[in-house]
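A.B. asks: Can you read through this structure? Questions will come right after.
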Amino acid sequence: MKTDLSPRMKVALYGLMCVLLIPFVFPTWWMLTSSVKPISDIFAFPPDLWPRRFDFTTYARVFELQPFARQYWNSAYIAALVTIGTMIVSSMAGYAFARIKFPFSNAIFMIVLLGLLIPSEVTIVPLFQMFLKWGMINTHWPLILVPIFGAPSVFATFVMRQFFIALPGELEEAARVDGLGRFKIFWLIALPLAKPALGAVAIFTFLHSWNLYLEPIVFLSSTQMFTLPQALTQFTDAYGGAMWNIQLAAATMTAIPVLLVFIVAQKQFVEGLAHTGLKG
Amino acid sequence: MTIAAGTPRRKRPFWTIERRDAAAGYLFIAPQLIGIVTFVLFPLGLVFYYSLHEWNVLANTFNFVGAANYQMLLADKALPQVLLSSAIFSAGLVILNMSLALLLAVLLDQKLKGITVFRTLFFSPVVVSLVAWTIVWSFLLQNNGGINGLLQLIGVEGPNWLRTPATAMISVVVVQVFKNVGLNMILFLAALQGVPKELYEAARVDGAGRFKQFRRITLPLISPTILLTSIITIVGSLQVFAQIAVLTQGGPGMTTTVLVYYLYQQAFQFHFFGYGSTLSILLFVIVALLTFVQWQMRKRIVFYEN
Amino acid sequence: MAPVTLKSITKSYGTTPVLHGIDIDIADGEFVVLVGPSGCGKSTLLRMIAGLETITGGDISIGSRVVNDLEPKDRDIAMVFQNYALYPHMTVAANMGFSLEHRGASKAEISERVNWAADILGLRPLLDRYPRQLSGGQRQRVAMGRAIVRNPQVFLFDEPLSNLDAKLRVVMRGEIKGLHQRLGVTTVYVTHDQVEAMTMADKIVVMNGGRVEQVGAPLDLYDRPANLFVAGFIGSPAMNTLGGRITPDGFVAAGATLPLPPGLTPAANAVYGIRPEHLSLADTGIPAIVKLVEPMGSETQVTMTVGEHTVIGVFRERLKAKPGETVHLRPDLEALHLFDAATGGRLN
Ligand SMILES: Nc1ncnc2c1ncn2[C@@H]1O[C@H](COP(=O)(O)OP(=O)(O)OP(=O)(O)O)[C@@H](O)[C@H]1O
Ligand SMILES: [Mg+2]
């Protein structure tokens, strides 16, 4: 419906969008500003959209109360490993399901797709037992292994397969004539062309790992090992009440870097996501 | 030619082109397949096995009890409330999420200057850490928090959002909708932009107004996307955990105790692993059923497929 | 350069046979064109030579080697695809050098060969571009460049010109032919365009329904088609074919009698074939009613009815006849084709 709009219509649309934006943008703004308010101002009435007084010590307190840098690193490296691992596993499997003829490939694909129906919430009890047996409780292994091979990677495999199916067969045939074997065709031809799909997979996977909450609280027990989402909820006073300004400072530090990366690369982000083969 | 008719065929090497390729295929899928079996299918089998046992870690008991856990499930007084909460949460989330996503996508599909700025801002909560987002909202929704403060400015006395049964569930749903609606919005936007322009032009020539164009052309053409995103959104809504844990801890009462949260409490707070496993099976059955039903609907509803 | 021999080649997809025993000998340096209607198995056969399809039965040899179980890369062939199959993420130079790179050629060697091929095809200024920055004809040329850099034993082309517009097709046709004359590499070329086949081939293989109908030089096929299928397939507009009987008095078709050369054995079930350009207008002869006159400038194509048959004639002179008028036709008996209606085989 891309007709040219009348000026009045335009004003109305801008107005509508600005109003709709409030719940999307205001929380982030409120988080930022509240994180630098002294605790006494934080519930002030009327609410201050801009801090009356600044108190940056909250940011230092975050690191005093918890090994926050360590926790930050935990989340970052786990998310990075999960993202890379998923990209490898799902691009290989997606490629094979899309382009290689082998017996039972459809049946196996169906089995793999079953993984979509079995989120780790369903299997959390036995996973806990398995990792307990393997001595991996309070290590990061469960947070790395389960997403790389579980439901999120099945979704990634599906996305990659959809992409590879659409790749012209002639390209691979040309590559075979040019002297490439399967692995090199995958690595030198198919994968470089799959960058948009890989980008989408990377974004989904990273965000999934970055947001994990149930798994860390089930599998991790020492603050040194905690990931960010788990750590964020731990800023409480002796009575269990939330230390809001400190919690918000930690939340700000968690949210802002990813947000900045997103704003810089928003075009690739959005186009990558639009490219997931979910279009039907 | 050297090979006379009737001579037996040369012996073919074992590793023919197809065999080598098939071997490559198995190698390529091996990590995924082994992973799925180890970390998904085998645990699913275990869940079922555990669900047939009475298993309390604290008391160190592990006894085969047959279907006792399932009988317990049927008799569980809390379960109807849990299922009701789950249903309300999922239904509310899907309806709000899908309609808001569609509205935003249509708005973003207009020819307006600076539209990508709006797109970026609407999408931004998706990339904000889930728990960070939830904490901020929790802060905003406190009795003396930002939202009630703002409401008071215009003379409205806001409720204690997270502690009032009527508003707790609404709050949880709304927080989650704003967090993730950007994803569906982008997928819808891509679908909208994939609708051939000529169709609108043809419809205009036929005298169809904007609204009619939307109903008769846009909706049918993007229906595959609507269906797929709704499946993903529903399955996702059944997994909601962090939001509940941070915002309401399932309360007040059990009004926001959804199935996964209940499962977590039973297994990891009360250490009833056997019963927790039974609840896992229930969760699996619900996910599978919903997916199956929607997949069947695909044939009926989706008017257009490529 | 090497000869290619196909011996009783069969191919089935599952239980569906698509090729039923193909025998073709291709001499060293020969330009062979496979033609036939859509779905007759040309591409399948070509891809079997390339090693992209498995061989169900029979043997394919290139040079003195049976290549049935060899990978495409070990067959020393190069192929030009219908949609060019250029690697979108590589420059023209990288596309052309890609196969050499994977055969362990040195950098200097690669660039020397790429430049050589680029010069032949006029691709020098385009070497740093990406395929998406090229026109259709340029892409086609790059695809050919990629094939020739390696100096393979055999070139394989699968309808390489079908994505080009008519004018460019004529130009590229000439270029491919010129390239062949220059390099002298054995070439197998698939097309369903019989003009391409006629103009380019040393030898044409006409295929139909997974079988070879006839093999021969273009003009031999034109002048002496071995059967009705080839007669109808080669030549445009197609040969006129009229069913009827061979009698001592002439050829009796529905509603008309046509002249025959003397000394033919009578036959009850025959087909009379005459190409449109082998009909001429005369004052007496076979009466024909004009249906449609299509002046082409250099010649005039006329659709007529003879008895109950529709007949097309192509005349050098400009015809003044109007639809509905009667003209008289005289067939050139030297260029007459007679076929058995039941088997389709040639009778004269
Ligand atoms: N993978 C396949 N599975 C089953 N049948 C196939 C397959 N590929 C081709 N065929 C069949 O084999 C026959 C020959 O196909 P082929 O592509 O060789 O035809 P062609 O002569 O190249 O036609 P065209 O001129 O249209 O390209 C066709 O009837 C086709 O349907
Ligand atoms: Mg073909």
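FYI, nothing fancy with the structure tokens labels: chains A, B, ... in order, residues from 1 per chain, ligands from 1 as they appear.
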Could I get the residues of chain A with an atom no further than 8 Å from an atom of chain C, each paired with its nearest atom pair and that distance in Å to one decimal, using only C-alpha atoms, sorted by chain and residue number, as CSV?
C.D. replies:
```
residue,atom,partner,partner_atom,distance
A:Pro168,CA,C:Ala85,CA,8.0
A:Glu170,CA,C:Ala85,CA,5.4
A:Leu171,CA,C:Ala85,CA,4.8
A:Glu173,CA,C:Leu52,CA,6.9
A:Ala174,CA,C:Ala85,CA,6.4
A:Ala175,CA,C:Ser99,CA,8.0
A:Arg176,CA,C:Pro72,CA,6.2
A:Val177,CA,C:Lys73,CA,5.0
A:Asp178,CA,C:Ser99,CA,4.4
A:Gly179,CA,C:Lys73,CA,4.4
A:Leu180,CA,C:His102,CA,7.2
A:Ile189,CA,C:Tyr87,CA,7.3
A:Pro192,CA,C:His89,CA,7.2
A:Leu193,CA,C:His89,CA,6.9
```
A.B. asks: Go ahead and dump the residues you just picked, C-alpha atoms, as a CSV table (one decimal), in the first residue's frame.
C.D. replies:
```
chain,number,residue,atom,x,y,z
A,168,PRO,CA,21.1,-22.9,-7.8
A,170,GLU,CA,24.3,-25.3,-11.3
A,171,LEU,CA,26.7,-23.5,-9.0
A,173,GLU,CA,27.9,-28.6,-10.5
A,174,ALA,CA,30.2,-26.0,-11.9
A,175,ALA,CA,32.3,-26.4,-8.7
A,176,ARG,CA,32.4,-30.1,-9.1
A,177,VAL,CA,33.6,-29.8,-12.7
A,178,ASP,CA,36.1,-27.2,-11.4
A,179,GLY,CA,37.5,-29.9,-9.2
A,180,LEU,CA,35.9,-29.4,-5.7
A,189,ILE,CA,30.8,-21.9,-2.6
A,192,PRO,CA,30.1,-17.6,1.5
A,193,LEU,CA,26.8,-17.3,-0.3
```
A.B. asks: Please provide as a PyMOL selection string all residues within 8 Å of Pro47 in chain A, with the sequence filter that same-chain residues fewer than 5 positions apart are discarded (counting only C-alpha atoms).
C.D. replies: chain B and resi 146+149-150
A.B. asks: Which residue out of C:Glu53, C:Asp332, C:Asp223, C:Glu30 has the minimum interatomic distance to chain B when only C-alpha atoms are used?
C.D. replies: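 Smallest separation from chain B among the options: C:Glu53.
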A.B. asks: What are the residues of chain B lining chain C at 8 Å or less? Count only C-alpha atoms, and put the answer as a JSON list (two decimals) with N, CA, C and O atoms, in the first residue's frame.
C.D. replies:
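So the final result, stored in out_7.json, reads:
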```json
[["chain", "number", "residue", "atom", "x", "y", "z"],
["B", 12, "ARG", "N", 33.05, -52.39, -10.58],
["B", 12, "ARG", "CA", 33.01, -50.98, -10.18],
["B", 12, "ARG", "C", 33.67, -50.85, -8.82],
["B", 12, "ARG", "O", 33.55, -51.73, -7.97],
["B", 13, "PRO", "N", 34.35, -49.76, -8.59],
["B", 13, "PRO", "CA", 34.95, -49.56, -7.27],
["B", 13, "PRO", "C", 33.86, -49.43, -6.23],
["B", 13, "PRO", "O", 32.74, -49.01, -6.55],
["B", 16, "THR", "N", 31.79, -45.56, -5.10],
["B", 16, "THR", "CA", 31.27, -44.86, -6.27],
["B", 16, "THR", "C", 30.97, -43.42, -5.88],
["B", 16, "THR", "O", 30.99, -43.06, -4.70],
["B", 17, "ILE", "N", 30.67, -42.61, -6.91],
["B", 17, "ILE", "CA", 30.39, -41.21, -6.65],
["B", 17, "ILE", "C", 29.24, -41.04, -5.65],
["B", 17, "ILE", "O", 29.34, -40.29, -4.70],
["B", 18, "GLU", "N", 28.17, -41.82, -5.86],
["B", 18, "GLU", "CA", 27.02, -41.66, -4.94],
["B", 18, "GLU", "C", 27.38, -42.07, -3.53],
["B", 18, "GLU", "O", 26.97, -41.45, -2.56]]
```
A.B. asks: Please check which protein, DNA or RNA residues sit within 12 Å of ligand 2, counting only C-alpha atoms and all ligand atoms, and write them as a list in words.
C.D. replies: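 Every residue with an atom at most 12 Å from ligand 2 is listed here: Leu34, Val35, Gly36, Pro37, Ser38, Gly39, Cys40, Gly41, Lys42, Ser43, Thr44, Leu45, Leu46, Arg47, Phe81, Gln82, Asn83, Phe157, Asp158, Glu159, Pro160, Ser162, Tyr189, Val190, Thr191, His192 and Asp193 of chain C.
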A.B. asks: Compile the residues of chain B that lie within 7 Å of chain A, evaluated using only C-alpha atoms, and express the compilation as an MDAnalysis selection string.
C.D. replies: chainID B and resid 21:22 24:25 28:29 31:33 35:36 39:40 43:44 46:47 110:111 120:122 124:125 127:132 136:137 144:146 149:150 178 186:187 190:191 200 224:225 228 239 241:242 260 273 277 280:281 283:284 287:288 305
A.B. asks: Quick one: residues within 9 Å of Leu238 in chain B, only C-alpha atoms counted, chain neighbours fewer than 4 positions away excluded, as an MDAnalysis selection string?
C.D. replies: chainID B and resid 86:87 89:90 233:234 258:260 283 286:287
A.B. asks: What's around range 156-170 of chain B at 8 Å? Count only C-alpha atoms, leave out sequence neighbours fewer than 4 positions away in its own chain, and write the answer as a VMD selection string.
C.D. replies: chain B and resid 89 138 141 to 143 147 to 148 151 to 152 174 247 to 248 251 to 253 255 to 256
A.B. asks: According to DSSP computed on the backbone, where in range 146-323 of chain C is there alpha helix (DSSP H)? Give the residues as number ranges by chain.
C.D. replies: C: 146-148, 166-183, 194-200, 218-223, 228-233
A.B. asks: Find the distance between CA of Asp28 in chain C and CA of Val142 in chain C and write it in Å to one decimal.
C.D. replies: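 For CA of Asp28 in chain C relative to CA of Val142 in chain C, the distance reads 25.0 Å.
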A.B. asks: Determine, counting only C-alpha atoms, which protein, DNA and RNA residues have an atom within 7 Å of an atom of range 56-62 of chain B; residues of the same chain fewer than 2 positions away are not included. Present the result as a list in words.
C.D. replies: His53, Glu54, Phe64, His271, Phe272 and Phe273 of chain B
A.B. asks: May I have the selected residues written with N, CA and C atoms, as a PDB file, in the first residue's frame?
C.D. replies:
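File part.pdb, as written:
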```pdb
ATOM      1  N   HIS B  53       8.401 -42.714  38.290  1.00  0.00           N
ATOM      2  CA  HIS B  53       9.029 -42.977  39.580  1.00  0.00           C
ATOM      3  C   HIS B  53       8.682 -41.909  40.601  1.00  0.00           C
ATOM      4  N   GLU B  54       8.686 -42.368  41.841  1.00  0.00           N
ATOM      5  CA  GLU B  54       8.599 -41.425  42.946  1.00  0.00           C
ATOM      6  C   GLU B  54      10.043 -41.127  43.302  1.00  0.00           C
ATOM      7  N   PHE B  64       9.889 -47.157  41.625  1.00  0.00           N
ATOM      8  CA  PHE B  64       8.954 -47.256  40.513  1.00  0.00           C
ATOM      9  C   PHE B  64       7.541 -47.185  41.061  1.00  0.00           C
ATOM     10  N   HIS B 271      12.144 -30.351  45.030  1.00  0.00           N
ATOM     11  CA  HIS B 271      12.922 -31.563  44.747  1.00  0.00           C
ATOM     12  C   HIS B 271      12.084 -32.798  44.452  1.00  0.00           C
ATOM     13  N   PHE B 272      10.874 -32.597  43.914  1.00  0.00           N
ATOM     14  CA  PHE B 272      10.080 -33.738  43.444  1.00  0.00           C
ATOM     15  C   PHE B 272      10.422 -33.983  41.982  1.00  0.00           C
ATOM     16  N   PHE B 273      11.511 -34.699  41.746  1.00  0.00           N
ATOM     17  CA  PHE B 273      11.948 -34.878  40.364  1.00  0.00           C
ATOM     18  C   PHE B 273      10.981 -35.742  39.558  1.00  0.00           C
TER      19      PHE B 273
END
```
A.B. asks: For the atom pair CA of Trp50 in chain A and CA of Val117 in chain B, what is the interatomic distance in Å to one decimal place?
C.D. replies: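 Atom-to-atom, CA of Trp50 in chain A and CA of Val117 in chain B are spaced 22.9 Å apart.
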A.B. asks: Counting only C-alpha atoms, what is within 7 Å of Thr247 in chain C, bar same-chain residues fewer than 3 positions away, as a list in words?
C.D. replies: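 The neighbour list is Gly250, Phe251, Pro266 and Ala267 of chain C.
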A.B. asks: Restricting the output to N, CA, C and O atoms, write the selected residues as a short mmCIF file (atom, residue, chain, number, x, y, z; two decimals), in the first residue's frame.
C.D. replies:
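See out_21.cif below for the written result:
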```
data_model
loop_
_atom_site.label_atom_id
_atom_site.label_comp_id
_atom_site.auth_asym_id
_atom_site.auth_seq_id
_atom_site.Cartn_x
_atom_site.Cartn_y
_atom_site.Cartn_z
N GLY C 250 0.66 -42.09 -59.20
CA GLY C 250 1.07 -40.97 -58.36
C GLY C 250 0.73 -41.27 -56.92
O GLY C 250 0.33 -42.39 -56.57
N PHE C 251 0.89 -40.24 -56.09
CA PHE C 251 0.65 -40.42 -54.67
C PHE C 251 -0.76 -39.95 -54.35
O PHE C 251 -1.12 -38.79 -54.58
N PRO C 266 4.47 -49.81 -55.34
CA PRO C 266 3.27 -49.30 -54.68
C PRO C 266 3.26 -49.65 -53.20
O PRO C 266 3.79 -50.68 -52.79
N ALA C 267 2.70 -48.76 -52.42
CA ALA C 267 2.61 -49.01 -50.98
C ALA C 267 1.33 -48.38 -50.48
O ALA C 267 0.93 -47.31 -50.91
#
```
A.B. asks: Measuring between only C-alpha atoms and all ligand atoms, which one of C:Asn348, C:Leu6, C:Ser106, C:Met48 shows the shortest distance to ligand 1?
C.D. replies: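 For ligand 1, the nearest of the given residues is C:Met48.
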A.B. asks: Which residue gives the smallest distance to Pro276 in chain C among C:Gly184, C:Gly235, C:Pro261, C:Pro295, with only C-alpha atoms counted?
C.D. replies: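 Distance minimum relative to Pro276 in chain C lands on C:Gly235.
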